[in-house]
$ cat my_file_27.txt   # compact mmCIF, C-alpha atoms and all ligand atoms
# COMPACT_ATOMS: atom_id res chain seq x y z
CA MET A 30 -1.52 -2.55 -6.65
CA PHE A 31 -0.72 -2.98 -2.93
CA ASP A 32 -4.15 -1.86 -1.84
CA TYR A 33 -5.65 -5.08 -0.49
CA PHE A 34 -6.38 -3.34 2.82
CA LEU A 35 -8.73 -0.75 1.31
CA THR A 36 -12.37 -1.01 2.39
CA GLU A 37 -15.08 -1.47 -0.22
CA GLU A 38 -16.08 2.15 0.35
CA GLN A 39 -12.52 3.34 -0.29
CA ARG A 40 -12.23 1.22 -3.40
CA LEU A 41 -15.47 2.68 -4.73
CA LEU A 42 -14.31 6.20 -3.89
CA GLN A 43 -11.04 5.60 -5.72
CA GLN A 44 -12.85 4.32 -8.81
CA THR A 45 -15.28 7.23 -8.75
CA ALA A 46 -12.42 9.74 -8.42
CA ARG A 47 -10.53 8.00 -11.25
CA ARG A 48 -13.50 8.12 -13.60
CA PHE A 49 -14.19 11.76 -12.76
CA ALA A 50 -10.51 12.69 -13.16
CA GLU A 51 -10.25 10.98 -16.54
CA ASN A 52 -13.45 12.59 -17.85
CA GLU A 53 -13.28 16.08 -16.34
CA VAL A 54 -9.78 16.83 -15.07
CA ALA A 55 -7.41 15.31 -17.64
CA PRO A 56 -8.94 17.01 -20.73
CA GLN A 57 -8.14 20.49 -19.40
CA ALA A 58 -4.64 19.78 -18.02
CA GLU A 59 -2.63 20.70 -21.11
CA GLU A 60 -4.48 23.97 -21.70
CA ALA A 61 -4.34 24.96 -18.02
CA ASP A 62 -0.56 24.45 -18.14
CA GLU A 63 -0.11 26.29 -21.41
CA LYS A 64 -2.25 29.28 -20.47
CA ALA A 65 -1.25 29.17 -16.79
CA GLU A 66 -4.92 29.49 -15.95
CA PHE A 67 -6.58 28.51 -12.71
CA ASN A 68 -9.77 26.69 -13.64
CA ARG A 69 -12.29 27.69 -10.99
CA GLU A 70 -15.10 26.11 -12.97
CA LEU A 71 -13.35 22.75 -12.63
CA PHE A 72 -13.15 23.27 -8.87
CA ARG A 73 -16.94 23.70 -8.86
CA LYS A 74 -17.26 20.31 -10.53
CA ILE A 75 -14.82 18.78 -8.03
CA ALA A 76 -17.00 20.28 -5.30
CA GLU A 77 -20.13 18.71 -6.80
CA MET A 78 -18.40 15.34 -6.37
CA GLY A 79 -17.98 16.15 -2.68
CA PHE A 80 -14.19 16.07 -2.95
CA MET A 81 -13.52 19.60 -1.64
CA GLY A 82 -14.88 18.59 1.75
CA ILE A 83 -13.99 14.94 1.80
CA ASN A 84 -11.98 15.25 5.03
CA ILE A 85 -14.48 17.53 6.80
CA PRO A 86 -16.93 15.91 9.27
CA GLU A 87 -20.44 15.23 7.98
CA GLU A 88 -21.95 17.63 10.53
CA TYR A 89 -20.28 20.43 8.53
CA ASP A 90 -21.50 19.11 5.17
CA GLY A 91 -18.26 17.22 4.53
CA GLY A 92 -17.57 13.64 3.55
CA GLY A 93 -16.37 12.58 6.99
CA GLN A 94 -13.42 10.68 5.53
CA GLY A 95 -9.90 10.30 6.88
CA SER A 96 -6.42 10.82 5.48
CA LEU A 97 -6.32 7.58 3.49
CA SER A 98 -9.53 8.29 1.55
CA THR A 99 -8.41 11.87 1.01
CA ALA A 100 -5.04 10.68 -0.31
CA LEU A 101 -6.72 8.24 -2.69
CA VAL A 102 -8.87 10.97 -4.22
CA ILE A 103 -5.99 13.46 -4.49
CA MET A 104 -3.80 10.85 -6.17
CA GLU A 105 -6.41 10.33 -8.88
CA LEU A 106 -6.96 14.06 -9.45
CA ALA A 107 -3.20 14.68 -9.70
CA LYS A 108 -2.68 11.76 -12.04
CA ALA A 109 -4.98 13.59 -14.43
CA CYS A 110 -3.62 17.08 -13.67
CA GLY A 111 -0.93 17.86 -11.08
CA SER A 112 -2.05 21.48 -10.73
CA THR A 113 -5.55 20.41 -9.79
CA GLY A 114 -4.24 18.05 -7.12
CA MET A 115 -2.06 20.80 -5.75
CA GLY A 116 -4.92 23.35 -5.63
CA VAL A 117 -7.22 20.98 -3.77
CA ALA A 118 -4.38 20.05 -1.40
CA ALA A 119 -3.75 23.74 -0.60
CA HIS A 120 -7.47 24.09 0.24
CA PHE A 121 -7.18 21.20 2.70
CA LEU A 122 -4.01 22.64 4.21
CA GLY A 123 -5.71 25.93 5.01
CA LEU A 124 -8.93 24.50 6.39
CA ASP A 125 -7.07 22.00 8.59
CA ALA A 126 -6.29 24.80 11.05
CA ILE A 127 -9.98 25.74 11.37
CA LEU A 128 -11.02 22.08 11.59
CA HIS A 129 -8.64 21.26 14.45
CA TYR A 130 -8.27 24.54 16.31
CA GLY A 131 -11.28 26.66 15.32
CA THR A 132 -13.97 27.77 17.75
CA SER A 133 -17.41 26.22 17.26
CA GLU A 134 -18.55 29.54 15.71
CA GLN A 135 -15.64 29.47 13.24
CA LYS A 136 -16.33 25.85 12.34
CA THR A 137 -20.05 26.48 11.85
CA HIS A 138 -19.43 29.58 9.77
CA TYR A 139 -16.49 28.49 7.59
CA LEU A 140 -16.46 24.71 7.27
CA PRO A 141 -19.80 24.09 5.48
CA PRO A 142 -19.12 26.47 2.56
CA LEU A 143 -15.53 25.19 2.39
CA ALA A 144 -16.80 21.59 2.39
CA ARG A 145 -19.31 22.39 -0.36
CA GLY A 146 -16.52 24.06 -2.31
CA GLU A 147 -18.40 27.37 -2.46
CA TRP A 148 -15.38 28.93 -0.78
CA LEU A 149 -11.75 28.08 -1.41
CA CYS A 150 -9.11 28.11 1.32
CA ALA A 151 -5.43 29.14 1.41
CA PHE A 152 -2.66 28.65 3.95
CA ALA A 153 -0.37 31.65 4.27
CA LEU A 154 2.86 31.12 6.18
CA THR A 155 5.82 31.84 3.86
CA GLU A 156 7.33 35.32 3.66
CA PRO A 157 10.34 36.77 1.83
CA ALA A 158 12.55 36.22 4.92
CA ALA A 159 10.68 33.24 6.37
CA GLY A 160 10.77 30.12 4.19
CA THR A 161 12.25 27.02 5.77
CA ASP A 162 12.73 29.11 8.91
CA ALA A 163 8.99 29.55 9.33
CA ALA A 164 9.31 30.97 12.84
CA ALA A 165 11.00 34.06 11.32
CA VAL A 166 7.60 35.40 10.15
CA GLN A 167 7.60 39.21 10.27
CA THR A 168 3.95 39.95 9.48
CA THR A 169 2.46 41.44 12.62
CA ALA A 170 -1.03 41.64 14.08
CA GLN A 171 -1.52 44.23 16.77
CA LYS A 172 -4.55 43.95 19.01
CA ARG A 173 -6.52 47.20 19.15
CA GLY A 174 -9.88 47.00 20.95
CA ASP A 175 -11.85 44.17 19.40
CA LYS A 176 -9.68 44.06 16.26
CA TYR A 177 -6.29 42.85 15.05
CA ILE A 178 -4.43 45.18 12.68
CA ILE A 179 -2.31 43.15 10.27
CA ASN A 180 0.75 44.48 8.42
CA GLY A 181 3.17 42.52 6.27
CA ASN A 182 3.20 40.20 3.27
CA LYS A 183 3.13 36.53 2.39
CA ILE A 184 4.62 35.08 -0.77
CA PHE A 185 4.10 32.08 -3.07
CA ILE A 186 0.67 31.34 -1.55
CA SER A 187 -1.22 28.58 -3.34
CA ASN A 188 -4.82 29.57 -4.20
CA GLY A 189 -3.75 33.15 -3.36
CA GLY A 190 -6.18 35.70 -4.76
CA GLU A 191 -8.79 33.00 -5.42
CA ALA A 192 -9.35 31.83 -1.86
CA GLU A 193 -12.28 33.39 -0.01
CA VAL A 194 -10.82 32.15 3.29
CA ASN A 195 -7.16 32.71 4.15
CA VAL A 196 -5.47 31.27 7.23
CA VAL A 197 -2.67 33.74 7.88
CA PHE A 198 0.20 33.25 10.32
CA VAL A 199 1.29 36.44 12.07
CA LYS A 200 3.32 37.59 15.03
CA THR A 201 1.09 38.87 17.80
CA ASP A 202 4.17 39.16 20.05
CA PRO A 203 7.36 39.43 17.95
CA SER A 204 9.53 39.37 21.12
CA LYS A 205 8.57 35.73 21.74
CA GLY A 206 9.79 34.19 18.48
CA SER A 207 7.79 31.13 17.43
CA ARG A 208 5.78 31.38 20.68
CA GLY A 209 4.60 34.81 19.59
CA MET A 210 2.98 33.46 16.44
CA SER A 211 -0.80 33.30 15.98
CA ALA A 212 -3.20 32.19 13.26
CA LEU A 213 -5.90 34.51 11.92
CA ILE A 214 -8.68 34.06 9.39
CA VAL A 215 -8.68 36.81 6.78
CA GLU A 216 -11.52 36.87 4.29
CA LYS A 217 -11.05 37.95 0.71
CA GLY A 218 -12.36 41.49 0.29
CA THR A 219 -11.30 42.67 3.75
CA PRO A 220 -10.08 46.31 3.43
CA GLY A 221 -6.28 46.50 3.55
CA PHE A 222 -5.91 42.97 2.13
CA THR A 223 -4.69 42.94 -1.49
CA PHE A 224 -2.72 40.66 -3.79
CA GLY A 225 0.52 40.87 -5.71
CA LYS A 226 1.04 39.53 -9.21
CA LYS A 227 0.32 35.96 -10.10
CA GLU A 228 3.58 33.97 -10.08
CA ASP A 229 4.84 32.71 -13.44
CA LYS A 230 5.94 29.20 -12.52
CA MET A 231 8.02 26.39 -14.03
CA GLY A 232 5.35 23.79 -13.37
CA MET A 233 1.97 23.31 -11.73
CA ARG A 234 1.01 26.20 -13.96
CA GLY A 235 -2.70 25.52 -13.70
CA SER A 236 -2.54 26.29 -9.99
CA VAL A 237 -2.33 29.86 -8.79
CA ASN A 238 0.25 31.43 -6.48
CA ARG A 239 0.24 35.02 -5.35
CA GLU A 240 1.69 37.37 -2.80
CA LEU A 241 -0.78 38.43 -0.09
CA ILE A 242 -0.34 42.01 1.09
CA PHE A 243 -1.66 43.36 4.39
CA GLU A 244 -1.68 47.11 5.01
CA ASP A 245 -3.45 48.08 8.22
CA CYS A 246 -5.84 45.25 7.51
CA GLU A 247 -8.39 44.95 10.33
CA VAL A 248 -9.96 41.65 11.31
CA PRO A 249 -12.20 41.00 14.35
CA ILE A 250 -10.49 39.26 17.28
CA ALA A 251 -13.06 36.51 16.76
CA HIS A 252 -10.96 35.53 13.73
CA LEU A 253 -8.14 34.26 15.95
CA ILE A 254 -7.75 30.48 15.53
CA GLY A 255 -6.88 28.76 18.79
CA GLU A 256 -5.04 30.97 21.25
CA GLU A 257 -2.55 33.78 20.84
CA GLY A 258 0.93 32.25 20.64
CA GLN A 259 -0.39 28.90 19.36
CA GLY A 260 0.13 29.76 15.68
CA PHE A 261 3.40 27.90 15.13
CA LYS A 262 1.95 24.67 16.52
CA ILE A 263 -1.22 25.12 14.44
CA ALA A 264 0.89 25.62 11.31
CA MET A 265 3.12 22.61 11.99
CA ASP A 266 0.12 20.35 12.75
CA ALA A 267 -1.55 21.38 9.49
CA ILE A 268 1.68 20.82 7.57
CA ASN A 269 2.13 17.34 9.09
CA THR A 270 -1.29 16.26 7.86
CA GLY A 271 -0.72 18.19 4.63
CA ARG A 272 2.43 16.22 3.85
CA ILE A 273 0.36 13.05 3.37
CA VAL A 274 -1.85 14.86 0.87
CA THR A 275 1.20 16.44 -0.80
CA ALA A 276 2.81 13.03 -1.13
CA ALA A 277 -0.44 11.80 -2.70
CA TYR A 278 -0.59 14.44 -5.45
CA THR A 279 3.12 14.06 -5.98
CA ILE A 280 2.91 10.35 -6.67
CA GLY A 281 -0.18 10.92 -8.80
CA VAL A 282 2.10 12.86 -11.15
CA GLY A 283 4.73 10.10 -10.93
CA GLU A 284 2.20 7.44 -11.77
CA ALA A 285 0.97 9.39 -14.79
CA ALA A 286 4.57 9.57 -16.05
CA LEU A 287 5.06 5.84 -15.50
CA GLU A 288 1.91 5.00 -17.48
CA ALA A 289 2.89 7.34 -20.32
CA ALA A 290 6.39 5.86 -20.49
CA THR A 291 5.08 2.28 -20.46
CA LYS A 292 2.64 3.05 -23.26
CA TYR A 293 5.37 4.74 -25.33
CA ALA A 294 7.80 1.87 -24.77
CA LYS A 295 5.24 -0.49 -26.32
CA GLU A 296 4.58 1.75 -29.32
CA ARG A 297 7.91 3.27 -30.32
CA ILE A 298 9.76 1.11 -32.84
CA GLN A 299 13.54 1.32 -33.20
CA PHE A 300 15.81 -1.34 -34.70
CA GLY A 301 12.65 -3.08 -35.87
CA LYS A 302 11.08 -3.66 -32.47
CA PRO A 303 9.30 -1.76 -29.68
CA ILE A 304 11.89 -0.01 -27.45
CA GLY A 305 10.27 -1.79 -24.49
CA GLU A 306 12.00 -4.94 -25.68
CA PHE A 307 15.42 -3.44 -24.91
CA GLN A 308 16.68 -4.31 -21.48
CA GLY A 309 17.96 -0.77 -20.91
CA ILE A 310 14.37 0.51 -21.16
CA GLN A 311 12.94 -2.42 -19.18
CA PHE A 312 15.25 -1.74 -16.25
CA MET A 313 14.24 1.91 -16.22
CA LEU A 314 10.55 1.00 -16.26
CA ALA A 315 11.04 -1.57 -13.49
CA ASP A 316 12.82 0.96 -11.26
CA MET A 317 10.10 3.54 -11.96
CA LYS A 318 7.36 1.07 -11.00
CA VAL A 319 9.16 0.11 -7.78
CA ALA A 320 9.68 3.77 -6.85
CA VAL A 321 5.99 4.63 -7.38
CA GLU A 322 4.66 1.61 -5.48
CA ALA A 323 7.14 2.07 -2.62
CA ALA A 324 6.07 5.70 -2.27
CA LYS A 325 2.42 4.66 -2.14
CA LEU A 326 3.19 2.28 0.72
CA PHE A 327 4.77 5.16 2.64
CA ILE A 328 1.66 7.24 2.00
CA TYR A 329 -0.69 4.45 3.10
CA GLN A 330 1.37 3.91 6.23
CA ALA A 331 1.30 7.60 7.23
CA ALA A 332 -2.43 7.86 6.44
CA TYR A 333 -3.21 4.68 8.39
CA LYS A 334 -1.44 6.07 11.45
CA ALA A 335 -3.14 9.47 11.11
CA ASP A 336 -6.56 7.81 10.79
CA ASN A 337 -5.97 5.62 13.83
CA GLY A 338 -4.84 8.31 16.23
CA LEU A 339 -1.18 7.21 16.19
CA PRO A 340 1.78 9.60 15.93
CA PHE A 341 2.44 10.08 12.23
CA ALA A 342 4.66 13.17 11.77
CA THR A 343 7.82 11.22 10.89
CA GLU A 344 5.86 8.87 8.62
CA ALA A 345 4.31 11.87 6.85
CA SER A 346 7.78 13.35 6.35
CA MET A 347 9.05 10.06 4.95
CA ALA A 348 6.02 9.78 2.65
CA LYS A 349 6.58 13.30 1.33
CA LEU A 350 10.32 12.76 0.88
CA VAL A 351 10.08 9.37 -0.82
CA SER A 352 7.15 10.40 -3.05
CA SER A 353 8.68 13.62 -4.30
CA ASP A 354 12.12 12.13 -4.95
CA ALA A 355 10.39 9.23 -6.72
CA ALA A 356 8.19 11.54 -8.79
CA MET A 357 11.21 13.62 -9.83
CA LYS A 358 13.23 10.58 -10.89
CA VAL A 359 10.30 8.85 -12.57
CA THR A 360 9.29 11.93 -14.56
CA ILE A 361 12.89 12.55 -15.72
CA ASP A 362 13.12 8.90 -16.80
CA ALA A 363 9.76 9.14 -18.58
CA VAL A 364 11.18 11.99 -20.66
CA GLN A 365 14.29 9.90 -21.35
CA ILE A 366 12.20 6.95 -22.54
CA HIS A 367 10.37 9.30 -24.92
CA GLY A 368 13.71 10.42 -26.37
CA GLY A 369 13.53 13.71 -28.31
CA TYR A 370 9.74 13.59 -28.36
CA GLY A 371 9.76 13.70 -24.56
CA TYR A 372 11.30 17.14 -24.76
CA MET A 373 8.45 18.45 -26.90
CA LYS A 374 5.12 19.75 -25.71
CA ASP A 375 3.34 17.23 -27.94
CA TYR A 376 3.70 14.67 -25.15
CA PRO A 377 2.68 15.29 -21.53
CA VAL A 378 5.86 13.93 -19.93
CA GLU A 379 7.73 17.26 -20.06
CA ARG A 380 4.81 18.78 -18.09
CA TYR A 381 5.00 15.96 -15.56
CA MET A 382 8.72 16.65 -15.10
CA ARG A 383 8.13 20.37 -14.53
CA ASP A 384 5.19 19.64 -12.21
CA ALA A 385 7.19 17.17 -10.12
CA LYS A 386 9.98 19.58 -9.21
CA ILE A 387 7.99 21.72 -6.79
CA THR A 388 7.09 18.68 -4.70
CA GLN A 389 10.71 18.47 -3.50
CA ILE A 390 10.49 22.10 -2.34
CA LEU A 391 7.14 22.94 -0.74
CA GLU A 392 5.65 21.80 2.56
CA GLY A 393 9.21 21.66 3.87
CA THR A 394 12.03 21.11 1.41
CA ASN A 395 13.41 17.59 1.18
CA GLN A 396 16.47 18.76 3.10
CA ILE A 397 14.14 19.63 5.98
CA GLN A 398 12.32 16.30 5.73
CA ARG A 399 15.68 14.63 6.24
CA VAL A 400 16.34 16.86 9.26
CA ILE A 401 12.96 15.86 10.74
CA ILE A 402 13.54 12.14 10.11
CA ALA A 403 17.06 12.27 11.56
CA ARG A 404 15.81 14.14 14.62
CA SER A 405 13.23 11.44 15.28
CA LEU A 406 16.05 8.89 15.27
CA LEU A 407 18.40 10.85 17.49
CA LYS A 408 16.02 12.18 20.14
C1 LIG B 1 4.65 26.70 -6.11
C2 LIG B 1 4.80 27.01 -4.65
C3 LIG B 1 3.67 26.92 -3.82
C4 LIG B 1 3.78 27.26 -2.47
N1 LIG B 1 2.65 27.27 -1.70
C5 LIG B 1 2.72 27.77 -0.43
C6 LIG B 1 1.54 27.96 0.35
O1 LIG B 1 0.43 27.66 -0.09
N2 LIG B 1 1.67 28.50 1.59
C7 LIG B 1 2.87 28.83 2.11
O2 LIG B 1 2.93 29.32 3.23
N3 LIG B 1 4.03 28.65 1.40
C8 LIG B 1 3.97 28.15 0.14
N4 LIG B 1 5.12 27.99 -0.60
C9 LIG B 1 6.41 28.29 0.00
C10 LIG B 1 7.27 27.06 0.26
O3 LIG B 1 6.73 26.33 1.34
C11 LIG B 1 8.70 27.53 0.49
O4 LIG B 1 9.19 27.96 -0.77
C12 LIG B 1 9.58 26.45 1.07
O5 LIG B 1 9.21 26.20 2.40
C13 LIG B 1 11.07 26.83 1.06
O6 LIG B 1 11.28 28.13 1.53
P1 LIG B 1 12.18 29.14 0.65
O7 LIG B 1 11.63 29.14 -0.72
O8 LIG B 1 12.24 30.43 1.35
O9 LIG B 1 13.61 28.46 0.62
P2 LIG B 1 14.77 28.63 1.71
O10 LIG B 1 14.22 28.36 3.06
O11 LIG B 1 15.47 29.92 1.48
O12 LIG B 1 15.73 27.44 1.32
C14 LIG B 1 16.73 27.54 0.30
C15 LIG B 1 17.53 26.24 0.30
O13 LIG B 1 18.21 26.11 1.57
C16 LIG B 1 17.88 24.86 2.15
N5 LIG B 1 17.83 25.00 3.61
C17 LIG B 1 17.25 25.96 4.35
N6 LIG B 1 17.40 25.71 5.65
C18 LIG B 1 18.07 24.55 5.76
C19 LIG B 1 18.54 23.75 6.85
N7 LIG B 1 18.31 24.09 8.11
N8 LIG B 1 19.22 22.61 6.57
C20 LIG B 1 19.47 22.25 5.29
N9 LIG B 1 19.05 22.95 4.22
C21 LIG B 1 18.37 24.09 4.45
C22 LIG B 1 16.53 24.49 1.58
O14 LIG B 1 16.30 23.08 1.65
C23 LIG B 1 16.66 25.00 0.16
O15 LIG B 1 17.33 24.04 -0.63
C24 LIG B 1 5.04 27.63 -1.94
C25 LIG B 1 6.17 27.68 -2.76
C26 LIG B 1 6.04 27.41 -4.10
C27 LIG B 1 7.28 27.56 -4.98

$ encode --input "my_file_27.txt" --output "C-alpha cells"
Amino acid sequence: MFDYFLTEEQRLLQQTARRFAENEVAPQAEEADEKAEFNRELFRKIAEMGFMGINIPEEYDGGGQGSLSTALVIMELAKACGSTGMGVAAHFLGLDAILHYGTSEQKTHYLPPLARGEWLCAFALTEPAAGTDAAAVQTTAQKRGDKYIINGNKIFISNGGEAEVNVVFVKTDPSKGSRGMSALIVEKGTPGFTFGKKEDKMGMRGSVNRELIFEDCEVPIAHLIGEEGQGFKIAMDAINTGRIVTAAYTIGVGEAALEAATKYAKERIQFGKPIGEFQGIQFMLADMKVAVEAAKLFIYQAAYKADNGLPFATEASMAKLVSSDAAMKVTIDAVQIHGGYGYMKDYPVERYMRDAKITQILEGTNQIQRVIIARSLLK
C-alpha cells in the first residue's frame, strides 16, 4: 500500500515474486508444515528465479540488489509459506559474513554457487550456554600448523544439515571473551563435522533446524573470515542486516493472516449477515491492517538506510520488533475471527499463528531489541 517510492524495477520484482510464490510456494506450505519436511526441490526453483542470490553482487552471479528489494521478495515468499521465507533468510544471514568480510578467494569460491542456489548457507552462532549472550560461545578452534581444529556444538541452526556452507562462530582465544571470537567456514562433509537430530518445532515446520557437532574437525586456516578476534563484530553485522530480512518474512506471515481473516469475515454468516458487518470484527481487522502496514514502513525505513550507506542498526531492531509483535497479534486475531474453525487445521490461520511465534525469539529476542533501542536513546 505505502510503496509509492518503489522503483519500476522493484515493483516488477515484487510482482514476479508474488506470482512465483502463489504458484510454486503456497501449494506446498500445508504439506511441508504437516510432514515437517524441508523442500530442497522448492529451493532449486527459488534459485532458478535468481532469488537465492538476489543480494549478492552481479560479479558473483547474484542479482546485485539491496536490502529493500531483498525484503520485498522475502515478504512475498513468506506470505505463501513462512518456513520458506525463513529458510531463504537463514541462507542470506550466513552468506552475509562472506560477502562483507571474506577474502577475494573466499568470495570467488563460495558466492557464485551460493548465489545460484547450488549451495545453501547456514549461520551458526547459538550454543546451549550461549543464546542471547552470544559472546559466551564455548566452541573452540585451535590453530595447529595450517589448520584450525574445531571442538564444540551449535544448536537450533536453521538450514542445519542441509547447508553446504556453514559460517561457524568459535573462540580462537577464549581468554579474550567476545574479542577472542572468530568466524570460520565449515563445509558439509568435512571430517569431524556431524549433525544432531532435526528439531521438532511448534511452527516454521517446513524449515530445518539441527545441532551442529564438531569433534576435532579440521579446516584450513584459509577458511577464516576476516581476522582472528573479529568474529563477534562479523556476527553482529550480519544479524543487523538479517533483522531487516527477518522482519520481512515475519510480516509476510502477518499479511497472509490478515488476508485470510478478511476473506473469512466476508464469507462467514452469523445472525443472518457476514461477521465482517459486526463492528467488533471490523475493529479487529482495522487494527490488524494498521499493524501490518506500520511494520512495513519500519522495514522500508531500515532497508532504505541500509541501501544508502546510513547507520541502520537501531532501525533494523525496530523493524524486527514491530513486525514480529504485529505478526503475533495479527495471527492470534486471525484465529479469533475464524472462531472454532480457526483452531482446526482445515484453515491456515493456526499455522500462521504457530509460525509467527518464533519471530519474537530469533535474531535477538524482542527483549533484546528493546535493550538495543533503549541503548541508542541513552548513549
Ligand atoms: C527456530 C529457531 C531457529 C534458529 N535459527 C538460528 C540460526 O540459524 N543460527 C543461530 O545461531 N541461532 C539460531 N537460533 C537461536 C536463537 O537465535 C536463540 O534461540 C535466541 O537468540 C535466544 O537464545 P536462547 O534460546 O538461548 O534464549 P535465552 O538467551 O536463554 O533467553 C531466555 C529468555 O531470557 C530473556 N533474556 C535473556 N537475556 C536477557 C537480557 N539481558 N535482558 C532481558 N531479557 C533477557 C530472553 O529474551 C528470553 O525471553 C534459532 C532458534 C530457533 C528456535

$ residues_around --input "my_file_27.txt" --residues "region 45-49 of chain A" --least-positions-apart "4" --cutoff "10 Å" --atoms "only C-alpha atoms" --output "list in words"
Gln39, Arg40, Leu41, Glu53, Val54, Ala55, Lys74, Ile75, Met78, Phe80, Leu101, Val102, Ile103, Met104, Glu105, Leu106, Lys108 and Ala109 of chain A

$ write_last_selection --input "my_file_27.txt" --atoms "C-alpha atoms" --output "PDB file, in the frame of the given file"
ATOM      1  CA  GLN A  39     -12.520   3.340  -0.290  1.00  0.00           C
ATOM      2  CA  ARG A  40     -12.230   1.220  -3.400  1.00  0.00           C
ATOM      3  CA  LEU A  41     -15.470   2.680  -4.730  1.00  0.00           C
ATOM      4  CA  GLU A  53     -13.280  16.080 -16.340  1.00  0.00           C
ATOM      5  CA  VAL A  54      -9.780  16.830 -15.070  1.00  0.00           C
ATOM      6  CA  ALA A  55      -7.410  15.310 -17.640  1.00  0.00           C
ATOM      7  CA  LYS A  74     -17.260  20.310 -10.530  1.00  0.00           C
ATOM      8  CA  ILE A  75     -14.820  18.780  -8.030  1.00  0.00           C
ATOM      9  CA  MET A  78     -18.400  15.340  -6.370  1.00  0.00           C
ATOM     10  CA  PHE A  80     -14.190  16.070  -2.950  1.00  0.00           C
ATOM     11  CA  LEU A 101      -6.720   8.240  -2.690  1.00  0.00           C
ATOM     12  CA  VAL A 102      -8.870  10.970  -4.220  1.00  0.00           C
ATOM     13  CA  ILE A 103      -5.990  13.460  -4.490  1.00  0.00           C
ATOM     14  CA  MET A 104      -3.800  10.850  -6.170  1.00  0.00           C
ATOM     15  CA  GLU A 105      -6.410  10.330  -8.880  1.00  0.00           C
ATOM     16  CA  LEU A 106      -6.960  14.060  -9.450  1.00  0.00           C
ATOM     17  CA  LYS A 108      -2.680  11.760 -12.040  1.00  0.00           C
ATOM     18  CA  ALA A 109      -4.980  13.590 -14.430  1.00  0.00           C
TER      19      ALA A 109
END

$ residues_near_ligand --input "my_file_27.txt" --ligand "ligand LIG 1 (chain B)" --cutoff "8 Å" --atoms "only C-alpha atoms and all ligand atoms" --output "PyMOL selection string"
chain A and resi 119+122+151-163+183-189+230+232-233+238+387+390-397+400

$ residues_around --input "my_file_27.txt" --residues "Lys374 (chain A)" --least-positions-apart "4" --cutoff "12 Å" --atoms "only C-alpha atoms" --output "PyMOL selection string"
chain A and resi 59-60+62-63+364+367+369-370+378-383

$ residues_around --input "my_file_27.txt" --residues "region 331-339 of chain A" --least-positions-apart "4" --cutoff "8 Å" --atoms "only C-alpha atoms" --output "JSON, numbers by chain"
{"A": [95, 96, 97, 100, 270, 273, 327, 344, 345, 348]}

$ residues_around --input "my_file_27.txt" --residues "Thr219 (chain A)" --least-positions-apart "3" --cutoff "12 Å" --atoms "only C-alpha atoms" --output "list in words"
Ile178, Ile179, Glu193, Val194, Asn195, Ile214, Val215, Glu216, Phe222, Thr223, Phe224, Leu241, Ile242, Phe243, Glu244, Asp245, Cys246, Glu247, Val248 and Pro249 of chain A

$ axis_aligned_box --input "my_file_27.txt" --around "region 169-175 of chain A" --padding-each-side "4 Å" --output "lines of an AutoDock Vina configuration file"
center_x = -4.7
center_y = 44.3
center_z = 16.8
size_x = 22.3
size_y = 13.8
size_z = 16.3

$ residues_near_point --input "my_file_27.txt" --point "(5.1, 24.8, 12.8)" --cutoff "10 Å" --atoms "only C-alpha atoms" --output "MDAnalysis selection string"
chainID A and resid 154 162:164 207 210 259:269

$ atom_distance --input "my_file_27.txt" --atom1 "CA of Thr360 (chain A)" --atom2 "CA of Met81 (chain A)"
27.3 Å

$ build_atoms --input "my_file_27.txt" --residues "region 150-161 of chain A" --atoms "N, CA and C atoms" --output "mmCIF file, keeping the file's coordinate frame"
data_model
loop_
_atom_site.group_PDB
_atom_site.id
_atom_site.type_symbol
_atom_site.label_atom_id
_atom_site.label_comp_id
_atom_site.auth_asym_id
_atom_site.auth_seq_id
_atom_site.Cartn_x
_atom_site.Cartn_y
_atom_site.Cartn_z
ATOM 1 N N CYS A 150 -9.955 27.736 0.174
ATOM 2 C CA CYS A 150 -9.110 28.110 1.320
ATOM 3 C C CYS A 150 -7.644 28.204 0.901
ATOM 4 N N ALA A 151 -6.888 29.031 1.622
ATOM 5 C CA ALA A 151 -5.430 29.140 1.410
ATOM 6 C C ALA A 151 -4.736 29.165 2.767
ATOM 7 N N PHE A 152 -3.486 28.745 2.743
ATOM 8 C CA PHE A 152 -2.660 28.650 3.950
ATOM 9 C C PHE A 152 -1.466 29.568 3.743
ATOM 10 N N ALA A 153 -1.374 30.624 4.535
ATOM 11 C CA ALA A 153 -0.370 31.650 4.270
ATOM 12 C C ALA A 153 0.644 31.758 5.395
ATOM 13 N N LEU A 154 1.787 31.109 5.174
ATOM 14 C CA LEU A 154 2.860 31.120 6.180
ATOM 15 C C LEU A 154 4.118 31.797 5.615
ATOM 16 N N THR A 155 4.532 31.406 4.413
ATOM 17 C CA THR A 155 5.820 31.840 3.860
ATOM 18 C C THR A 155 5.889 33.345 3.607
ATOM 19 N N GLU A 156 7.062 33.894 3.895
ATOM 20 C CA GLU A 156 7.330 35.320 3.660
ATOM 21 C C GLU A 156 8.697 35.442 2.983
ATOM 22 N N PRO A 157 9.027 36.626 2.489
ATOM 23 C CA PRO A 157 10.340 36.770 1.830
ATOM 24 C C PRO A 157 11.497 36.312 2.734
ATOM 25 N N ALA A 158 11.434 36.592 4.028
ATOM 26 C CA ALA A 158 12.550 36.220 4.920
ATOM 27 C C ALA A 158 12.208 35.018 5.805
ATOM 28 N N ALA A 159 11.079 34.395 5.549
ATOM 29 C CA ALA A 159 10.680 33.240 6.370
ATOM 30 C C ALA A 159 10.183 32.125 5.453
ATOM 31 N N GLY A 160 11.125 31.277 5.023
ATOM 32 C CA GLY A 160 10.770 30.120 4.190
ATOM 33 C C GLY A 160 10.884 28.880 5.051
ATOM 34 N N THR A 161 12.013 28.186 4.924
ATOM 35 C CA THR A 161 12.250 27.020 5.770
ATOM 36 C C THR A 161 12.211 27.421 7.240
#
